[in-house]
Amino acid sequence: MKQNGSRDVDSVFDASFIKAWSTRDSLDSLTGYSDKEARVGRTGRAFGLGYKLHLVIDSKTMLPLACTFASANQNEQKHSLNILEKTKLILKQSAAALKRVIAERQYSDGKLRNDVEEAVIPYRSNQKRDVEGLLRVDKKFRTYGPDDQKEEYHKRPHIEAVYSFLKTQYSLTVNKVRGLGNVASYALFSILCLVLNREAAQNRGRTDKAVSPTYFNT
């Protein structure tokens, strides 16, 4: 429940693939050889061996709010409610309240929709086929539905930008550790670097350098 005077926050949910430092096991092609906890899962339109970082960001500040880690074969719905509760707890501790969840259709789940004030999540093609006025996205990423929902859904790429920062600027893709715990620790360091970089830029009055780690290293 929203507290008086609390700040409303729109959050964006998404998961991203982290490649394992291992080859596939010749006896079981769905698992890792030197990394037994790694699993084969989707990485875009292909499949790869690794893990997934499930992340939630504030759509306005683009700062991480909560995250969890799992093997790559586990889908987004499996972890959506857990990470939702983490997000609510974090926001409550900072005198804020969750207003919207913005996410891809992989998160289209009745339990999640019922547990938030507003869910800006496209329905999958096999859900409520004959109901008009629902947000949907086609294979070419064109949106259909209420104008207000389409406008909010356009905030979803913000999390793709955050993942890009983590992978290209904060070394998330070059990890050489094995095991879920170690991969999670490595990824958390990348997230921490992003947050500290943003804080340093804010403190120095150089918000234009919020995603430029090289500025503070030279």
# chains A, B, ... in the order shown; residues from 1 in each chain; ligands from 1

call {"tool": "select_by_dssp", "arguments": {"residues": "range 2-213 of chain A", "states": "strand (DSSP E)", "output": "ChimeraX atom specification"}}
result
/A:7-19,24-25,28-32,39-43,46-58,64-71,96-102,118-120,136-137,143-144

call {"tool": "residues_around", "arguments": {"residues": "Leu188 in chain A", "least_positions_apart": "4", "cutoff": "10 Å", "atoms": "only C-alpha atoms", "output": "MDAnalysis selection string"}}
result
chainID A and resid 53 67:69 172 182:184 192:194

call {"tool": "write_last_selection", "arguments": {"atoms": "N, CA and C atoms", "output": "short mmCIF file (atom, residue, chain, number, x, y, z; two decimals), in the first residue's frame"}}
result
data_model
loop_
_atom_site.label_atom_id
_atom_site.label_comp_id
_atom_site.auth_asym_id
_atom_site.auth_seq_id
_atom_site.Cartn_x
_atom_site.Cartn_y
_atom_site.Cartn_z
N LEU A 53 20.87 -13.07 -15.55
CA LEU A 53 20.70 -12.02 -14.56
C LEU A 53 19.30 -11.46 -14.73
N CYS A 67 17.72 -7.54 -8.02
CA CYS A 67 18.16 -8.53 -9.01
C CYS A 67 18.20 -9.91 -8.38
N THR A 68 18.25 -10.89 -9.23
CA THR A 68 18.46 -12.27 -8.80
C THR A 68 19.13 -13.00 -9.95
N PHE A 69 19.68 -14.18 -9.66
CA PHE A 69 20.46 -14.92 -10.64
C PHE A 69 19.96 -16.36 -10.70
N LEU A 172 30.81 -7.10 -17.58
CA LEU A 172 29.95 -8.23 -17.23
C LEU A 172 30.16 -9.43 -18.15
N ASN A 182 29.53 -17.68 -7.82
CA ASN A 182 30.64 -16.85 -8.29
C ASN A 182 30.21 -15.92 -9.42
N VAL A 183 29.38 -16.43 -10.33
CA VAL A 183 28.87 -15.58 -11.41
C VAL A 183 28.03 -14.45 -10.84
N ALA A 184 27.20 -14.76 -9.83
CA ALA A 184 26.37 -13.74 -9.20
C ALA A 184 27.24 -12.68 -8.53
N LEU A 192 27.45 -2.81 -8.94
CA LEU A 192 27.94 -1.85 -7.95
C LEU A 192 28.78 -0.76 -8.61
N CYS A 193 29.62 -1.14 -9.57
CA CYS A 193 30.42 -0.15 -10.29
C CYS A 193 29.54 0.85 -11.03
N LEU A 194 28.48 0.36 -11.65
CA LEU A 194 27.56 1.25 -12.35
C LEU A 194 26.94 2.25 -11.38
#

call {"tool": "atom_distance", "arguments": {"atom1": "CA of Ile159 in chain A", "atom2": "CA of Val12 in chain A"}}
result
6.5 Å

call {"tool": "select_by_dssp", "arguments": {"residues": "range 8-214 of chain A", "states": "helix (DSSP H, G or I)", "output": "PyMOL selection string"}}
result
chain A and resi 76-93+105-107+110-114+147-153+157-168+172-174+180-203+207-209+213-214

call {"tool": "closest_residue", "arguments": {"among": "A:Ala66, A:His154, A:Asp109, A:Arg178", "to": "Leu49 in chain A", "atoms": "only C-alpha atoms"}}
result
A:Arg178

call {"tool": "residues_around", "arguments": {"residues": "range 55-60 of chain A", "least_positions_apart": "3", "cutoff": "9 Å", "atoms": "only C-alpha atoms", "output": "PDB file with N, CA and C atoms, in the first residue's frame"}}
result
ATOM      1  N   VAL A   9       7.145   5.040  -8.328  1.00  0.00           N
ATOM      2  CA  VAL A   9       8.239   4.565  -9.170  1.00  0.00           C
ATOM      3  C   VAL A   9       7.689   3.606 -10.223  1.00  0.00           C
ATOM      4  N   ASP A  10       8.082   3.832 -11.455  1.00  0.00           N
ATOM      5  CA  ASP A  10       7.811   2.887 -12.538  1.00  0.00           C
ATOM      6  C   ASP A  10       9.054   2.028 -12.722  1.00  0.00           C
ATOM      7  N   SER A  11       8.899   0.740 -12.654  1.00  0.00           N
ATOM      8  CA  SER A  11      10.044  -0.165 -12.760  1.00  0.00           C
ATOM      9  C   SER A  11       9.993  -0.945 -14.071  1.00  0.00           C
ATOM     10  N   VAL A  12      11.165  -1.352 -14.526  1.00  0.00           N
ATOM     11  CA  VAL A  12      11.268  -2.164 -15.735  1.00  0.00           C
ATOM     12  C   VAL A  12      11.939  -3.482 -15.370  1.00  0.00           C
ATOM     13  N   PHE A  13      11.319  -4.590 -15.755  1.00  0.00           N
ATOM     14  CA  PHE A  13      11.835  -5.932 -15.500  1.00  0.00           C
ATOM     15  C   PHE A  13      12.418  -6.505 -16.792  1.00  0.00           C
ATOM     16  N   ASP A  14      13.531  -7.225 -16.669  1.00  0.00           N
ATOM     17  CA  ASP A  14      14.044  -7.967 -17.820  1.00  0.00           C
ATOM     18  C   ASP A  14      15.150  -8.899 -17.345  1.00  0.00           C
ATOM     19  N   ALA A  15      15.476  -9.882 -18.177  1.00  0.00           N
ATOM     20  CA  ALA A  15      16.560 -10.822 -17.888  1.00  0.00           C
ATOM     21  C   ALA A  15      17.554 -10.802 -19.032  1.00  0.00           C
ATOM     22  N   SER A  16      18.821 -11.047 -18.711  1.00  0.00           N
ATOM     23  CA  SER A  16      19.855 -11.048 -19.737  1.00  0.00           C
ATOM     24  C   SER A  16      20.781 -12.244 -19.536  1.00  0.00           C
ATOM     25  N   LEU A  63      18.544   3.320 -12.555  1.00  0.00           N
ATOM     26  CA  LEU A  63      19.370   2.676 -11.542  1.00  0.00           C
ATOM     27  C   LEU A  63      18.763   1.330 -11.151  1.00  0.00           C
ATOM     28  N   PRO A  64      19.590   0.313 -10.878  1.00  0.00           N
ATOM     29  CA  PRO A  64      19.084  -0.996 -10.453  1.00  0.00           C
ATOM     30  C   PRO A  64      18.359  -0.910  -9.112  1.00  0.00           C
ATOM     31  N   LEU A  65      17.261  -1.620  -9.008  1.00  0.00           N
ATOM     32  CA  LEU A  65      16.501  -1.696  -7.761  1.00  0.00           C
ATOM     33  C   LEU A  65      16.635  -3.059  -7.102  1.00  0.00           C
ATOM     34  N   ALA A  66      16.620  -4.113  -7.884  1.00  0.00           N
ATOM     35  CA  ALA A  66      16.702  -5.470  -7.342  1.00  0.00           C
ATOM     36  C   ALA A  66      17.180  -6.408  -8.436  1.00  0.00           C
ATOM     37  N   CYS A  67      17.719  -7.543  -8.020  1.00  0.00           N
ATOM     38  CA  CYS A  67      18.165  -8.526  -9.007  1.00  0.00           C
ATOM     39  C   CYS A  67      18.204  -9.909  -8.376  1.00  0.00           C
ATOM     40  N   THR A  68      18.246 -10.890  -9.230  1.00  0.00           N
ATOM     41  CA  THR A  68      18.458 -12.265  -8.804  1.00  0.00           C
ATOM     42  C   THR A  68      19.133 -13.000  -9.954  1.00  0.00           C
ATOM     43  N   PHE A  69      19.680 -14.177  -9.659  1.00  0.00           N
ATOM     44  CA  PHE A  69      20.461 -14.918 -10.644  1.00  0.00           C
ATOM     45  C   PHE A  69      19.960 -16.360 -10.704  1.00  0.00           C
ATOM     46  N   ILE A  83      11.373 -11.391  -7.380  1.00  0.00           N
ATOM     47  CA  ILE A  83      12.075 -10.125  -7.617  1.00  0.00           C
ATOM     48  C   ILE A  83      11.129  -8.940  -7.453  1.00  0.00           C
ATOM     49  N   LEU A  84       9.847  -9.163  -7.670  1.00  0.00           N
ATOM     50  CA  LEU A  84       8.859  -8.117  -7.417  1.00  0.00           C
ATOM     51  C   LEU A  84       8.818  -7.764  -5.930  1.00  0.00           C
ATOM     52  N   THR A  87      11.798  -5.765  -4.967  1.00  0.00           N
ATOM     53  CA  THR A  87      11.674  -4.389  -5.437  1.00  0.00           C
ATOM     54  C   THR A  87      10.789  -3.573  -4.502  1.00  0.00           C
ATOM     55  N   ILE A 102       6.843  -2.530 -15.960  1.00  0.00           N
ATOM     56  CA  ILE A 102       6.929  -2.523 -17.422  1.00  0.00           C
ATOM     57  C   ILE A 102       7.829  -3.674 -17.827  1.00  0.00           C
ATOM     58  N   LYS A 155       9.195   2.860 -22.384  1.00  0.00           N
ATOM     59  CA  LYS A 155      10.265   2.997 -21.394  1.00  0.00           C
ATOM     60  C   LYS A 155      11.059   1.695 -21.238  1.00  0.00           C
ATOM     61  N   ARG A 156      10.531   0.595 -21.784  1.00  0.00           N
ATOM     62  CA  ARG A 156      11.179  -0.694 -21.586  1.00  0.00           C
ATOM     63  C   ARG A 156      12.616  -0.748 -22.102  1.00  0.00           C
ATOM     64  N   HIS A 158      14.905   1.165 -21.701  1.00  0.00           N
ATOM     65  CA  HIS A 158      15.850   1.711 -20.724  1.00  0.00           C
ATOM     66  C   HIS A 158      16.672   0.603 -20.082  1.00  0.00           C
ATOM     67  N   ILE A 159      16.043  -0.538 -19.837  1.00  0.00           N
ATOM     68  CA  ILE A 159      16.787  -1.621 -19.191  1.00  0.00           C
ATOM     69  C   ILE A 159      17.773  -2.262 -20.164  1.00  0.00           C
ATOM     70  N   VAL A 162      20.830  -0.259 -19.806  1.00  0.00           N
ATOM     71  CA  VAL A 162      21.561  -0.609 -18.576  1.00  0.00           C
ATOM     72  C   VAL A 162      22.361  -1.884 -18.788  1.00  0.00           C
TER      73      VAL A 162
END

call {"tool": "residues_around", "arguments": {"residues": "Ala200 in chain A", "least_positions_apart": "4", "cutoff": "12 Å", "atoms": "only C-alpha atoms", "output": "NGL selection string"}}
result
:A and (193-196 or 204-213 or 215-217)

call {"tool": "residues_around", "arguments": {"residues": "Leu81 in chain A", "least_positions_apart": "4", "cutoff": "9 Å", "atoms": "only C-alpha atoms", "output": "list in words"}}
result
Gln77, Glu85, Lys86, Lys111, Leu112 and Asp115 of chain A

call {"tool": "write_last_selection", "arguments": {"atoms": "N, CA and C atoms", "output": "PDB file, in the first residue's frame"}}
result
ATOM      1  N   GLN A  77       9.244 -15.904 -15.765  1.00  0.00           N
ATOM      2  CA  GLN A  77       8.102 -16.045 -14.862  1.00  0.00           C
ATOM      3  C   GLN A  77       8.474 -16.740 -13.559  1.00  0.00           C
ATOM      4  N   GLU A  85       8.818  -8.780  -5.068  1.00  0.00           N
ATOM      5  CA  GLU A  85       8.802  -8.533  -3.624  1.00  0.00           C
ATOM      6  C   GLU A  85      10.074  -7.833  -3.173  1.00  0.00           C
ATOM      7  N   LYS A  86      11.206  -8.206  -3.752  1.00  0.00           N
ATOM      8  CA  LYS A  86      12.459  -7.517  -3.434  1.00  0.00           C
ATOM      9  C   LYS A  86      12.378  -6.037  -3.808  1.00  0.00           C
ATOM     10  N   LYS A 111      -0.693 -13.754 -11.763  1.00  0.00           N
ATOM     11  CA  LYS A 111      -0.288 -13.465 -10.381  1.00  0.00           C
ATOM     12  C   LYS A 111       0.482 -12.157 -10.300  1.00  0.00           C
ATOM     13  N   LEU A 112       1.375 -11.936 -11.254  1.00  0.00           N
ATOM     14  CA  LEU A 112       2.136 -10.691 -11.268  1.00  0.00           C
ATOM     15  C   LEU A 112       1.219  -9.502 -11.527  1.00  0.00           C
ATOM     16  N   ASP A 115      -0.673  -8.374  -8.526  1.00  0.00           N
ATOM     17  CA  ASP A 115       0.116  -7.964  -7.366  1.00  0.00           C
ATOM     18  C   ASP A 115       0.728  -6.581  -7.528  1.00  0.00           C
TER      19      ASP A 115
END

call {"tool": "closest_residue", "arguments": {"among": "A:Leu98, A:Val174, A:Ala103, A:Ile191", "to": "Glu117 in chain A", "atoms": "only C-alpha atoms"}}
result
A:Leu98

call {"tool": "atom_distance", "arguments": {"atom1": "CA of Asn175 in chain A", "atom2": "CA of Gln202 in chain A"}}
result
28.2 Å

call {"tool": "atom_distance", "arguments": {"atom1": "CA of Ala70 in chain A", "atom2": "CA of Ala187 in chain A"}}
result
12.0 Å
